[in-house]
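Heads up, the thing below is written out as structure tokens.
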Amino acid sequence: MSDIENKVNNLISKMNLDQKVGQVLQVEREFITPEEVKTYHIGSLLSGGGSTPGDNMPEDWIQMNDELWAASMEENERYLAIPVIYGVDAIHGHGNAKGAVIFPHNIGLGAANDPDLIERIAMTTARETAATGVDWTFAPTLAVVRNDHWGRTYESYAEVPEIVTSYAARFVKGLQGNFGEENVIACAKHFIADGATLHGVNTGDAPINEAELRKIHLPPYLAALKENVLTVMISFSSWNYIKCHANKYLITHLLKEELGFDGIVITDWDGIDYLSDDYFEAVAIGINAGMDMFMVTERWKLCYHHLKTHIQTGRVAMSRLDDAVRRILRVKYKAGIFDKPRPAQRILSQPPTCMGSSQHRETAREAVRKSLVLLKNNKDILPLNKDARIIVAGKSAHSRGIQCGGFTIEWQGVLDNDSIVGGTSIWEGISKAAPNASLSENLTGEDAHLNKHDVGIVVIGEKPYAEGFGDIYPLGIGLTKAIRPDHMSSQYASDLFAPLNGEESYGTTLNLCELHPEDLKTIQNISSKGIPVIVILISGRPLVVNKELDESEAFVAAWLPGSEGGGVADVLFGDYDFQGKLSFTWPTYDDDNLNIGDDNYHPLFAYGYGLSYRRS
């Protein structure tokens, strides 16, 4: 037996029921105090999107985590010193925290197809996350997305497992390393087939057979497990009408027994709430399915007491609770949490902060350059001459918030520049490279003039969104009505067309000219005057852009590039070549749900497409 297992067994032998139940809870910071962390022996805490301490500066995070750590480490006849672990969604950099470097969202990194870059991004993310006293990030997302209507498409690297799998281990390695001061715990999510839901509906049902599940959606997890990822988060979605959070076959038999995973299996945000209309019942369903830690919000005390009652009445076996607690303690020992000094005394907590350092920003800028995909380049209009007279327009041209997308400062993202401390907008990057560039006065391009401007750059696309708020719902049906198969119990069945919390969709079509008609108008305001237009598309997925393509001489898919918009200018002006290739098929029509390998595969741009200056 290893030294860690001896420590785990020794500690668990000293724990009473209250202490064990407390370890199983991960409570959102806004619903608990440090005193309650101590009283209830809480095992973990987290920040949801936009949930930040104080002024959201590094010192505020450190102070908060220091207080929570101290509360968990008081030891006497009633309390055992078991340090809490704090988690965040640092999925494209430490996106909750002001001043952090924001990397391109995963869809852009998939286009880069560069595993070495991915590992460096993960290392940088870990460093900036650890610099705020945080121990755990809920990343990487290993979804293989098969329908671009899903609002979380941008969280995926690709529509096929190969790229996702090649990234999984490298991202885990970059985050966890050897668990030194600059490392954090990784979390592979969302297990499993979250990218395969019918119509791409968030939290919906994946109606696929097990062979397809294992062939397409399991390989990235195998790679992450091989790299010893310490935690796995379960998907809100269902597999053949059984909620993944309630699916003992997936959690216990497949993940734990067949694949040998011995770390923490954690729910998603209030994930057990959706297993039954009866919360008492839901708690039992979740832990008996194999959940080890419950991510909970305002009902955390109720969850605590329900779980304790289930143990006392025998509905949940003590052996199941002990297994969950043993996994939690094992992760804390493996990650060195017991040996770390309190957050305020850690090396990265000391000023000056590493967050937003020039080295970190350069890594993000490199990622932007490598993620850009050139879809069109008529007459080799690109690269641009830096002396050209350029008019820059479009609602996304000068908005660091829009280019960062969702999960940035707020859960649903932000629209302004001021919320993103540091970095450059796309316009700012262009203006630094091209002295004769000017920003359209009202961003509409109406002030373009053939005698004054040689070329126009129009930056358009989607506004920030996250999760179900980004769903493109088919047929125009609203997302507020729950539809459940009549033969399915409400205890387990998916509400196939009802995202959580009454989320509304982003729209009813992937056609950009219908989602944002102002974008096409801006392009035409310039092109109609005889000025050639280069379009930069900011989006979390491929969109139907036929009309916008027709009005442009060059077209660049920039995805959601993050805080370092200067990377776009680096490539537009030829300092670097385009090297991004589509990791998602680009459709011609909205009714196309195409993935490479499908029958009748006739996309506008195929998987793997991407021009360069050498191959325009």
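Ligands are numbered from 1 in the order shown, chains are lettered A, B, ... in the order of the structure tokens, and residues start at 1 in each chain.
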Checklist entry - What's the 10 Å shell around range 599-606 of chain A, counting only C-alpha atoms, without same-chain residues fewer than 6 positions away, as an MDAnalysis selection string? => result chainID A and resid 375 542 544:546 581:589 592:593
I want to know what sits within 8 Å of Asp270 in chain A, based on only C-alpha atoms, with residues of the same chain fewer than 4 positions away left out; could you give that as a PDB file with C-alpha atoms, in the first residue's frame?
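That gives us result00.pdb:
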```pdb
ATOM      1  CA  TYR A 274     -32.553  17.508 -11.827  1.00  0.00           C
ATOM      2  CA  PHE A 294     -21.892  17.494  -4.949  1.00  0.00           C
ATOM      3  CA  MET A 295     -21.470  20.971  -6.429  1.00  0.00           C
ATOM      4  CA  VAL A 296     -24.245  22.836  -4.613  1.00  0.00           C
ATOM      5  CA  THR A 297     -25.555  26.363  -4.121  1.00  0.00           C
TER       6      THR A 297
END
```
Item to check | Close residues, Lys226 in chain A itself excluded, 10 Å, only C-alpha atoms, min 3 positions apart in chain, as a list in words | outcome: Ala168, Ala169, Val172, Pro220, Tyr221, Leu222, Ala223, Val229, Leu259 and Phe261 of chain A
Could you save those same residues with C-alpha atoms as a tab-separated table (two decimals), in the first residue's frame?
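What follows is the written file selection04.tsv:
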```
chain	number	residue	atom	x	y	z
A	168	ALA	CA	-6.60	16.00	-23.52
A	169	ALA	CA	-3.42	14.61	-22.01
A	172	VAL	CA	-3.99	17.84	-18.07
A	220	PRO	CA	-10.46	11.93	-25.02
A	221	TYR	CA	-11.25	10.69	-21.52
A	222	LEU	CA	-8.99	7.69	-21.97
A	223	ALA	CA	-6.14	10.08	-22.79
A	229	VAL	CA	-6.35	13.55	-14.32
A	259	LEU	CA	-11.38	2.39	-16.62
A	261	PHE	CA	-10.50	5.96	-12.23
```
Item to check | All alpha helix (DSSP H) positions in range 349-419 of chain A, as number ranges by chain | outcome: A: 358-371, 400-404
Generate the output file for the selected residues, N, CA and C atoms, as a PDB file, in the first residue's frame.
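Saved to again18.pdb:
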```pdb
ATOM      1  N   SER A 358       3.710  39.890 -19.450  1.00  0.00           N
ATOM      2  CA  SER A 358       3.986  40.003 -20.885  1.00  0.00           C
ATOM      3  C   SER A 358       4.252  38.632 -21.500  1.00  0.00           C
ATOM      4  N   GLN A 359       4.898  37.753 -20.757  1.00  0.00           N
ATOM      5  CA  GLN A 359       5.160  36.405 -21.271  1.00  0.00           C
ATOM      6  C   GLN A 359       3.857  35.644 -21.472  1.00  0.00           C
ATOM      7  N   HIS A 360       2.958  35.760 -20.521  1.00  0.00           N
ATOM      8  CA  HIS A 360       1.670  35.075 -20.641  1.00  0.00           C
ATOM      9  C   HIS A 360       0.867  35.637 -21.807  1.00  0.00           C
ATOM     10  N   ARG A 361       0.899  36.954 -21.972  1.00  0.00           N
ATOM     11  CA  ARG A 361       0.143  37.571 -23.068  1.00  0.00           C
ATOM     12  C   ARG A 361       0.724  37.180 -24.426  1.00  0.00           C
ATOM     13  N   GLU A 362       2.006  36.998 -24.495  1.00  0.00           N
ATOM     14  CA  GLU A 362       2.599  36.588 -25.765  1.00  0.00           C
ATOM     15  C   GLU A 362       2.183  35.163 -26.128  1.00  0.00           C
ATOM     16  N   THR A 363       2.064  34.299 -25.129  1.00  0.00           N
ATOM     17  CA  THR A 363       1.564  32.951 -25.402  1.00  0.00           C
ATOM     18  C   THR A 363       0.147  33.004 -25.959  1.00  0.00           C
ATOM     19  N   ALA A 364      -0.682  33.867 -25.376  1.00  0.00           N
ATOM     20  CA  ALA A 364      -2.056  34.008 -25.866  1.00  0.00           C
ATOM     21  C   ALA A 364      -2.083  34.609 -27.262  1.00  0.00           C
ATOM     22  N   ARG A 365      -1.200  35.555 -27.526  1.00  0.00           N
ATOM     23  CA  ARG A 365      -1.147  36.175 -28.854  1.00  0.00           C
ATOM     24  C   ARG A 365      -0.724  35.151 -29.902  1.00  0.00           C
ATOM     25  N   GLU A 366       0.210  34.301 -29.545  1.00  0.00           N
ATOM     26  CA  GLU A 366       0.602  33.210 -30.442  1.00  0.00           C
ATOM     27  C   GLU A 366      -0.586  32.302 -30.727  1.00  0.00           C
ATOM     28  N   ALA A 367      -1.368  32.017 -29.694  1.00  0.00           N
ATOM     29  CA  ALA A 367      -2.541  31.164 -29.874  1.00  0.00           C
ATOM     30  C   ALA A 367      -3.547  31.803 -30.820  1.00  0.00           C
ATOM     31  N   VAL A 368      -3.716  33.109 -30.728  1.00  0.00           N
ATOM     32  CA  VAL A 368      -4.620  33.808 -31.643  1.00  0.00           C
ATOM     33  C   VAL A 368      -4.137  33.643 -33.076  1.00  0.00           C
ATOM     34  N   ARG A 369      -2.868  33.903 -33.302  1.00  0.00           N
ATOM     35  CA  ARG A 369      -2.314  33.801 -34.661  1.00  0.00           C
ATOM     36  C   ARG A 369      -2.547  32.420 -35.257  1.00  0.00           C
ATOM     37  N   LYS A 370      -2.316  31.401 -34.448  1.00  0.00           N
ATOM     38  CA  LYS A 370      -2.402  30.035 -34.953  1.00  0.00           C
ATOM     39  C   LYS A 370      -3.839  29.548 -35.110  1.00  0.00           C
ATOM     40  N   SER A 371      -4.784  30.226 -34.474  1.00  0.00           N
ATOM     41  CA  SER A 371      -6.177  29.776 -34.530  1.00  0.00           C
ATOM     42  C   SER A 371      -6.954  30.345 -35.706  1.00  0.00           C
ATOM     43  N   ARG A 400     -13.093  44.236 -26.519  1.00  0.00           N
ATOM     44  CA  ARG A 400     -12.390  43.093 -25.952  1.00  0.00           C
ATOM     45  C   ARG A 400     -13.378  42.102 -25.337  1.00  0.00           C
ATOM     46  N   GLY A 401     -14.501  42.619 -24.847  1.00  0.00           N
ATOM     47  CA  GLY A 401     -15.502  41.730 -24.275  1.00  0.00           C
ATOM     48  C   GLY A 401     -16.084  40.784 -25.298  1.00  0.00           C
ATOM     49  N   ILE A 402     -16.482  41.310 -26.447  1.00  0.00           N
ATOM     50  CA  ILE A 402     -17.063  40.459 -27.489  1.00  0.00           C
ATOM     51  C   ILE A 402     -16.057  39.424 -27.965  1.00  0.00           C
ATOM     52  N   GLN A 403     -14.815  39.833 -28.154  1.00  0.00           N
ATOM     53  CA  GLN A 403     -13.844  38.885 -28.702  1.00  0.00           C
ATOM     54  C   GLN A 403     -13.449  37.805 -27.689  1.00  0.00           C
ATOM     55  N   CYS A 404     -13.720  38.038 -26.400  1.00  0.00           N
ATOM     56  CA  CYS A 404     -13.423  37.018 -25.392  1.00  0.00           C
ATOM     57  C   CYS A 404     -14.540  35.990 -25.256  1.00  0.00           C
TER      58      CYS A 404
END
```
Next on the checklist: So that I can check the secondary structure, give me every residue of range 175-418 of chain A assigned strand (DSSP E) by backbone DSSP, as number ranges by chain.
Outcome noted: A: 187-191, 205-206, 231-234, 238-239, 242-243, 264-266, 294-296, 373-377, 390-393
Checklist outcome for this item: For Glu298 in chain A, the closest of A:Glu28, A:Asp570, A:Asp116, A:Glu514 counting only C-alpha atoms is A:Glu28
Item to check | Neighbour list for range 126-133 of chain A as a PyMOL selection string, cut-off 10 Å, only C-alpha atoms, skip fewer than 2 positions in-chain | outcome: chain A and resi 57-66+69+85-90+93-97+99-101+120-124+135-137+174-177+181-186+342-351+353-357+360
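When only C-alpha atoms are used to measure the gap to Ile311 in chain A, the shortest distance among A:Asp292, A:Asp18, A:Asp278, A:Glu212 belongs to A:Asp18.
CA of Leu68 in chain A lies 23.9 Å from CA of Leu321 in chain A.
Straight-line separation from CA of Arg170 in chain A to CA of Val144 in chain A: 16.8 Å.
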Next on the checklist: If we count only C-alpha atoms and set the cut-off at 9 Å, which residues sit around Leu439 in chain A, ignoring sequence neighbours fewer than 5 positions away in its own chain? Please answer as a PyMOL selection string.
Outcome noted: chain A and resi 390-393+397-398+427+431+445
Pull N, CA and C atoms from the residues just selected and write them as a PDB file, in the first residue's frame.
```
ATOM      1  N   ILE A 390      -6.866  52.362 -44.225  1.00  0.00           N
ATOM      2  CA  ILE A 390      -7.824  51.322 -43.829  1.00  0.00           C
ATOM      3  C   ILE A 390      -8.918  51.932 -42.963  1.00  0.00           C
ATOM      4  N   ILE A 391     -10.159  51.601 -43.273  1.00  0.00           N
ATOM      5  CA  ILE A 391     -11.256  51.930 -42.372  1.00  0.00           C
ATOM      6  C   ILE A 391     -11.702  50.648 -41.681  1.00  0.00           C
ATOM      7  N   VAL A 392     -11.785  50.699 -40.372  1.00  0.00           N
ATOM      8  CA  VAL A 392     -12.156  49.537 -39.563  1.00  0.00           C
ATOM      9  C   VAL A 392     -13.547  49.771 -38.985  1.00  0.00           C
ATOM     10  N   ALA A 393     -14.432  48.813 -39.179  1.00  0.00           N
ATOM     11  CA  ALA A 393     -15.824  48.968 -38.749  1.00  0.00           C
ATOM     12  C   ALA A 393     -16.336  47.642 -38.192  1.00  0.00           C
ATOM     13  N   ALA A 397     -15.312  45.276 -33.645  1.00  0.00           N
ATOM     14  CA  ALA A 397     -13.963  45.741 -33.968  1.00  0.00           C
ATOM     15  C   ALA A 397     -13.210  46.238 -32.747  1.00  0.00           C
ATOM     16  N   HIS A 398     -13.927  46.889 -31.854  1.00  0.00           N
ATOM     17  CA  HIS A 398     -13.258  47.513 -30.709  1.00  0.00           C
ATOM     18  C   HIS A 398     -13.959  47.105 -29.421  1.00  0.00           C
ATOM     19  N   TRP A 427      -9.229  46.221 -33.152  1.00  0.00           N
ATOM     20  CA  TRP A 427      -8.919  47.556 -33.671  1.00  0.00           C
ATOM     21  C   TRP A 427      -7.609  48.080 -33.100  1.00  0.00           C
ATOM     22  N   SER A 431      -4.486  49.290 -35.317  1.00  0.00           N
ATOM     23  CA  SER A 431      -4.012  50.679 -35.265  1.00  0.00           C
ATOM     24  C   SER A 431      -2.536  50.767 -34.912  1.00  0.00           C
ATOM     25  N   GLY A 445     -19.465  51.920 -40.729  1.00  0.00           N
ATOM     26  CA  GLY A 445     -18.832  52.058 -42.033  1.00  0.00           C
ATOM     27  C   GLY A 445     -19.471  53.083 -42.938  1.00  0.00           C
TER      28      GLY A 445
END
```
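Compared by their closest atoms to Asp447 in chain A, and using only C-alpha atoms, the residues A:Leu250, A:Val331, A:Ala289, A:Ile526 rank with A:Ile526 nearest.
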Checklist entry - With only C-alpha atoms as the basis for distance, which of A:Lys243, A:Lys521, A:Lys189, A:Arg315 is at the shortest distance from Pro207 in chain A? => result A:Lys243
Checklist entry - At what distance in Å, to one decimal, does CA of Thr141 in chain A lie from CA of Thr52 in chain A? => result 22.1 Å
Item to check | Nearest candidate to Asp194 in chain A (options A:Trp411, A:Trp269, A:Trp150, A:Phe578; using only C-alpha atoms) | outcome: A:Trp150
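Proximity to Leu255 in chain A was assessed for A:Gly314, A:Met233, A:Asn240, A:Ala437 counting only C-alpha atoms; the smallest distance is recorded for A:Met233.
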